[in-house]
Amino acid sequence: MAGLTLNNVTKKFGAVSVIKGVDLEVNDGDFVVFVGPSGCGKSTLLRVISGLEDVSGGEIRIGDRLVNDVQAARRGVAMVFQSYALYPHLTVEQNMGFGLKVRKVKPADIKTRVREAAATLKLEDFLERYPRELSGGQRQRVAIGRAIVSDPAIFLFDEPLSNLDAELRVHMRAEIAALHQRLGNTMIYVTHDQIEAMTLADRIVILRDGQIEQVGSPRELYSHPKNVFVAQFIGSPKMNVVEAASLSAVSEIGGDLAGVVSVGMRPEHLTVTQPTDGLFRGRVSLSEYTGAGSLLHVEVPGSGTFLVLQNGPEAAETGAEIGLSIEPENVHRFDANGLRIPSSNSLKGET
Amino acid sequence: MKPSTVNDPRRTERAPGLSLKMRGMLTAWLFVSPTVAGFMVFFLGPLIAVVFYSATEWNMLSQTSTFVGWANYQDALTRNPDFWHVMRNSVVFALGLVPMNIALALALAMSLYRPFRGVVVFRTIFFAPVVTSAVAWAIVWKFLLQGEAGAVNQILATVGIDGPNWLREPNWAMFAVIVTRVIKMVGLNMILYIAALQAIPRDFSEAARLEGATNWQIFRMVIWPNLAPATLIIVVITMIGSFKVFDHIYLMTGGGPENGTLVLAFYIYQQAFEFFNVGYASALAIIMFFIVLALTLVQILLRRRGSL
Amino acid sequence: MTYRQQQRIKRICWVISLSIVAIPFVFPFLWMVSSGFKSANEIFGQPSLLPDVWRWRNFVEVFEYQPFARQYFNSIYIALVVTGLTLIVSSLAGYALARIRFAGSVLLVVFLLSALMVPEEVTIIPNFFLIRWLGLTDTHVPLILLPVFGPQGVVATFLMRQYFMALPKDLEDAGELDGLSRIGIWWRIALPLSRPALAAVAIITFLHSWNLFLEPLVFLSSLEKFTLPLALGNFTDPYGMPLWHLQLAATSLAVVPVIIVYVIAQRQIVESFAMTGVKG
Ligand SMILES: Nc1ncnc2c1ncn2[C@@H]1O[C@H](COP(=O)(O)OP(=O)(O)OP(=O)(O)O)[C@@H](O)[C@H]1O
Ligand SMILES: [Mg+2]
């Protein structure tokens, strides 16, 4: 097992720069999730780490070893692909043992290691089957099993669950978490799915356009996003961000407003009040019932549409005039560059 | 857990001599090296050589060659009446073969692209000559097309037709050579057409049928327009093939009678390997190259436009 | 008549007309085989599909007239070697062109495409001198090498390339992580997954070599070296007139096995031609 260090890593495809200088320190045993918008370079970064793509610049270290020019197979990483990438012409057992066979491990040892991994993943009954004879979830487990068998220092996952249906996804997510608990290896995981990111990660790396926006624990990113991009990217539905000037209520929130250009409020932090009681008011243009609660689209004159999560069975009706309020410490303030202005204690004192 | 195989320090020390990128390149060149070597020796080299040959004249007696510039081309294009005769034959052959082949292929494909009982038998029959060697095909047809005793004429005689001596009369020989070649090769175009027909969504013709279109209207308005791109390609491929035909004619008529079926590919062979006019034959080969090149470029342009 | 009966009659007429069209496709085969059993005299008598006397001796004389067994063997072994070599060479190059980014790959594709535009008739003259200079005339070497590296080999290369490009890239990445070298990925992942393309290449290459005529005609001179297509035209009397009964018996021996294989595997074989026909 080993940690991972990226030092100003860059990747170009021809003239196009896809990874633009990434620095990252991953501790041994960490579960790190890469998230970011489509096309931001998550997969590319993962493939550069794995050695499937050669790196254009910078340094990649696995443990203490500089691996820039080490072949993928010798880096001590294993990868689980979105497409599973199981060899169609080999059985489950052969699939899982293939890497060991290539590395000329003794057949008896291969057998024990494959059986061990199969037991972990409850795959014993499928060892003689071909991938086409398995369900999606089973294939996914085989893919993970193949990674386990190779006993890597680092596991790499590229959107491993995105081909599964919602229920199975939740289930496999839990299994991966359990696997990490048990094995304790470093894992790097790429996903589109916020919930996956939040639930699995020790630390989340937010990428945008080939660069890291912020690294931190799920909690940190949620409550202390570094900038508007991160603030809106983490959390679902996404944070409402409006120009400070457009909302007179901002001044009521108080605190040091010097340099504040925009403010952000998470839908789950806004509460619905009587029109007269709230910090500001608006009209419900759409009310979407979700079961546990409702998602309201609220037109606030001058500021645009706010998303509001209203808990409980009752929901404001479409067309209703409502008031909205929020605890001041839940208001995020951003400067002209979109950077978050850390909340000061004075703010809390005044409320 | 077992000690990790990958963090074995000995592996760490194995300093890689080459970057990953260089290594990828080297393997790639290793993979293509047989092809590249063969290409250089048996294709590129000869192609350059034939250009040089075409500017020389080979003397059989002294085993030397002299540079003659454009003389061989001038011979072909202006002095030697055989050349234009041969070109005429090649064009007649192509113009006779291509429409017949395409029309028959399309008709067969239209009859056989939808499943019915026995469809496989018919497809198998119509394609069988394609896998048969041209030599065997030519031998059998030469046998069948003999003058009095030939089976074809004897069968014609039973219905009162006095068949010609097919392969001994210039015009009939050309006709016979074309028809037998069509029968040999039509299966190939048939399956290309079947593939094209099966690729047309059924909804198209079904929608037309619901609107009350007749079979012929459906063919004209729905199927034919959808086949046009495939047809263009098939025409060009068939045309190129017809310019290259050699073994069929060599065996059926030997280019005769009275050079009535002497086509370009055969003429080149004759000049090079029977009369040893290497320079002249090379010039002919270059001319043939340009004809095929022109046809291929047409094909590529058609493909660019998104057909097939 | 009911609609159903009408349809039925229509269908029967249809099948009958197709059968009539099929006559010139089938008839030559039948005539060839039956005449192979006739005596030289009977061949020129009244035409009949079945021989009066089945003359099996023809098939013995075929082997006595010239070294036909040897020639038959030559055709088989040359076709097998050409097929094997083509499979290796074309799948190696096709793989690199499909999967590896390397300097010169685009140029190579253009060059290979250009080879498709040049008929064998154009390069056969210099190739003849090359082979003669190498002292390889009247050997089987040119019959093996020219097809492997000629247009036929290029068609095979592009067919393989096309197929490799459509294979999932992830599988190869997985193979790379599992420790395979490029050769290993090619051999243990790409090739096993490309059986349909390999089969197509094998089929068209084998038939092409089996039926090759111009090259043997140019390069071979001794009877023991002949291949079947060359040998078949060689059953003649001292005046150069064909000995039809032997010629047709020999031709039957050359054609019938191919037709039998074809009938058994017709779907596969027809598809192979369709693949190359459209893409090549
Ligand atoms: N082999 C390649 N050649 C050229 N450009 C590439 C290549 N692979 C990826 N790219 C480009 O690099 C950028 C990043 O791609 P990447 O696959 O890493 O995105 P991603 O973050 O994984 O997106 P997604 O969430 O959609 O999977 C994209 O703009 C993509 O077009
Ligand atoms: Mg991706």
# chains A, B, ... in the order shown; residues from 1 in each chain; ligands from 1

call {"tool": "residues_near_ligand", "arguments": {"ligand": "ligand 2", "cutoff": "10 Å", "atoms": "only C-alpha atoms and all ligand atoms", "output": "number ranges by chain"}}
result
A: 35-47, 81-82, 158-159, 190-192

call {"tool": "write_last_selection", "arguments": {"atoms": "C-alpha atoms", "output": "JSON list (two decimals), in the first residue's frame"}}
result
[["chain", "number", "residue", "atom", "x", "y", "z"],
["A", 35, "VAL", "CA", -15.70, 15.06, -9.10],
["A", 36, "GLY", "CA", -16.26, 17.76, -11.63],
["A", 37, "PRO", "CA", -18.33, 18.63, -14.65],
["A", 38, "SER", "CA", -18.24, 16.37, -17.70],
["A", 39, "GLY", "CA", -15.09, 16.82, -19.73],
["A", 40, "CYS", "CA", -13.10, 18.45, -16.95],
["A", 41, "GLY", "CA", -10.43, 15.76, -17.13],
["A", 42, "LYS", "CA", -11.30, 13.37, -14.32],
["A", 43, "SER", "CA", -10.88, 10.25, -16.39],
["A", 44, "THR", "CA", -7.78, 11.62, -18.01],
["A", 45, "LEU", "CA", -6.18, 12.34, -14.65],
["A", 46, "LEU", "CA", -7.04, 8.85, -13.46],
["A", 47, "ARG", "CA", -5.56, 7.33, -16.59],
["A", 81, "PHE", "CA", -13.80, 0.53, -15.49],
["A", 82, "GLN", "CA", -17.21, 1.95, -16.11],
["A", 158, "ASP", "CA", -13.71, 5.34, -13.12],
["A", 159, "GLU", "CA", -17.44, 5.83, -12.62],
["A", 190, "VAL", "CA", -14.15, 9.19, -10.20],
["A", 191, "THR", "CA", -17.83, 9.94, -10.26],
["A", 192, "HIS", "CA", -20.51, 12.23, -11.53]]

call {"tool": "residues_around", "arguments": {"residues": "Pro225 in chain B", "least_positions_apart": "4", "cutoff": "12 Å", "atoms": "only C-alpha atoms", "output": "list in words"}}
result
Ala196, Leu197, Ile200, Phe204, Ser205, Gln217, Ile218, Phe219, Arg220, Met221, Pro229, Ala230, Thr231, Leu232 and Ser307 of chain B

call {"tool": "write_last_selection", "arguments": {"atoms": "all heavy atoms", "output": "tab-separated table (two decimals), in the first residue's frame"}}
result
chain	number	residue	atom	x	y	z
B	196	ALA	N	-27.35	-3.68	-48.82
B	196	ALA	CA	-27.86	-2.31	-48.91
B	196	ALA	C	-29.38	-2.28	-48.75
B	196	ALA	O	-29.93	-1.41	-48.08
B	196	ALA	CB	-27.45	-1.68	-50.24
B	197	LEU	N	-30.04	-3.25	-49.36
B	197	LEU	CA	-31.50	-3.29	-49.27
B	197	LEU	C	-31.96	-3.56	-47.84
B	197	LEU	O	-32.93	-2.99	-47.36
B	197	LEU	CB	-32.05	-4.39	-50.19
B	197	LEU	CG	-32.13	-4.03	-51.67
B	197	LEU	CD1	-32.35	-5.27	-52.51
B	197	LEU	CD2	-33.25	-3.02	-51.90
B	200	ILE	N	-32.13	-0.58	-45.56
B	200	ILE	CA	-33.20	0.42	-45.68
B	200	ILE	C	-34.27	0.11	-44.65
B	200	ILE	O	-34.80	-1.00	-44.63
B	200	ILE	CB	-33.83	0.39	-47.09
B	200	ILE	CG1	-32.77	0.66	-48.15
B	200	ILE	CG2	-34.95	1.42	-47.19
B	200	ILE	CD1	-33.28	0.53	-49.57
B	204	PHE	N	-40.06	2.71	-44.25
B	204	PHE	CA	-40.17	3.53	-45.46
B	204	PHE	C	-41.17	2.92	-46.42
B	204	PHE	O	-42.14	3.56	-46.82
B	204	PHE	CB	-38.81	3.64	-46.16
B	204	PHE	CG	-37.84	4.52	-45.42
B	204	PHE	CD1	-38.09	4.93	-44.13
B	204	PHE	CD2	-36.66	4.92	-46.05
B	204	PHE	CE1	-37.19	5.73	-43.46
B	204	PHE	CE2	-35.77	5.72	-45.38
B	204	PHE	CZ	-36.02	6.13	-44.09
B	205	SER	N	-40.90	1.65	-46.79
B	205	SER	CA	-41.76	1.07	-47.82
B	205	SER	C	-43.13	0.75	-47.24
B	205	SER	O	-44.14	0.78	-47.94
B	205	SER	CB	-41.12	-0.17	-48.43
B	205	SER	OG	-40.64	-1.01	-47.44
B	217	GLN	N	-44.05	1.74	-57.86
B	217	GLN	CA	-43.88	3.08	-57.27
B	217	GLN	C	-42.98	3.03	-56.05
B	217	GLN	O	-42.12	3.88	-55.85
B	217	GLN	CB	-45.24	3.66	-56.88
B	217	GLN	CG	-46.01	4.21	-58.07
B	217	GLN	CD	-47.42	4.59	-57.70
B	217	GLN	OE1	-48.04	3.91	-56.88
B	217	GLN	NE2	-47.92	5.64	-58.31
B	218	ILE	N	-43.18	1.99	-55.23
B	218	ILE	CA	-42.33	1.88	-54.04
B	218	ILE	C	-40.88	1.75	-54.45
B	218	ILE	O	-39.99	2.39	-53.89
B	218	ILE	CB	-42.77	0.67	-53.19
B	218	ILE	CG1	-44.12	0.96	-52.56
B	218	ILE	CG2	-41.75	0.37	-52.10
B	218	ILE	CD1	-44.70	-0.20	-51.80
B	219	PHE	N	-40.65	0.94	-55.49
B	219	PHE	CA	-39.27	0.78	-55.94
B	219	PHE	C	-38.70	2.12	-56.43
B	219	PHE	O	-37.62	2.53	-56.03
B	219	PHE	CB	-39.19	-0.27	-57.06
B	219	PHE	CG	-37.79	-0.44	-57.58
B	219	PHE	CD1	-36.86	-1.19	-56.86
B	219	PHE	CD2	-37.39	0.16	-58.76
B	219	PHE	CE1	-35.57	-1.32	-57.31
B	219	PHE	CE2	-36.10	0.02	-59.22
B	219	PHE	CZ	-35.18	-0.73	-58.50
B	220	ARG	N	-39.47	2.81	-57.26
B	220	ARG	CA	-38.98	4.06	-57.85
B	220	ARG	C	-38.78	5.15	-56.80
B	220	ARG	O	-37.77	5.86	-56.81
B	220	ARG	CB	-40.01	4.58	-58.88
B	220	ARG	CG	-39.92	3.95	-60.26
B	220	ARG	CD	-38.69	4.41	-61.03
B	220	ARG	NE	-38.67	5.85	-61.26
B	220	ARG	CZ	-37.63	6.61	-60.98
B	220	ARG	NH1	-36.56	6.08	-60.47
B	220	ARG	NH2	-37.67	7.90	-61.23
B	221	MET	N	-39.74	5.28	-55.90
B	221	MET	CA	-39.73	6.43	-55.00
B	221	MET	C	-39.01	6.18	-53.68
B	221	MET	O	-38.50	7.09	-53.08
B	221	MET	CB	-41.17	6.87	-54.66
B	221	MET	CG	-42.15	6.76	-55.81
B	221	MET	SD	-41.89	8.07	-56.99
B	221	MET	CE	-43.25	9.13	-56.53
B	229	PRO	N	-26.57	5.57	-53.56
B	229	PRO	CA	-25.15	5.62	-53.14
B	229	PRO	C	-24.46	4.28	-53.31
B	229	PRO	O	-23.34	4.22	-53.84
B	229	PRO	CB	-25.21	6.00	-51.65
B	229	PRO	CG	-26.62	6.28	-51.32
B	229	PRO	CD	-27.49	5.89	-52.46
B	230	ALA	N	-25.12	3.20	-52.89
B	230	ALA	CA	-24.52	1.87	-53.04
B	230	ALA	C	-24.27	1.57	-54.51
B	230	ALA	O	-23.23	1.03	-54.88
B	230	ALA	CB	-25.42	0.81	-52.42
B	231	THR	N	-25.21	1.97	-55.34
B	231	THR	CA	-25.08	1.69	-56.77
B	231	THR	C	-23.83	2.37	-57.35
B	231	THR	O	-23.07	1.76	-58.10
B	231	THR	CB	-26.33	2.16	-57.52
B	231	THR	OG1	-27.46	1.47	-56.98
B	231	THR	CG2	-26.22	1.88	-58.99
B	232	LEU	N	-23.64	3.61	-56.97
B	232	LEU	CA	-22.46	4.32	-57.49
B	232	LEU	C	-21.18	3.55	-57.17
B	232	LEU	O	-20.33	3.33	-58.02
B	232	LEU	CB	-22.38	5.72	-56.89
B	232	LEU	CG	-23.41	6.71	-57.43
B	232	LEU	CD1	-23.39	8.00	-56.65
B	232	LEU	CD2	-23.13	6.97	-58.91
B	307	SER	N	-21.68	8.27	-49.04
B	307	SER	CA	-22.38	7.08	-49.50
B	307	SER	C	-21.62	5.85	-49.02
B	307	SER	O	-20.40	5.80	-49.11
B	307	SER	CB	-22.47	7.09	-51.02
B	307	SER	OG	-21.38	7.77	-51.56

call {"tool": "residues_around", "arguments": {"residues": "range 50-55 of chain A", "least_positions_apart": "4", "cutoff": "10 Å", "atoms": "only C-alpha atoms", "output": "ChimeraX atom specification"}}
result
/A:9-13,19,44-46,59-60,67-79,154-156 /B:19-21,24 /C:172-174,176-177

call {"tool": "atom_distance", "arguments": {"atom1": "CA of Ile185 in chain C", "atom2": "CA of Arg99 in chain C"}}
result
10.9 Å

call {"tool": "closest_residue", "arguments": {"among": "B:Ser133, B:Arg23, B:Arg114, B:Gly160", "to": "chain A", "atoms": "only C-alpha atoms"}}
result
B:Arg23

call {"tool": "interface_residues", "arguments": {"of": "chain C", "to": "chain A", "cutoff": "8 Å", "atoms": "only C-alpha atoms", "output": "ChimeraX atom specification"}}
result
/C:168,170-171,173-180,189,192-193
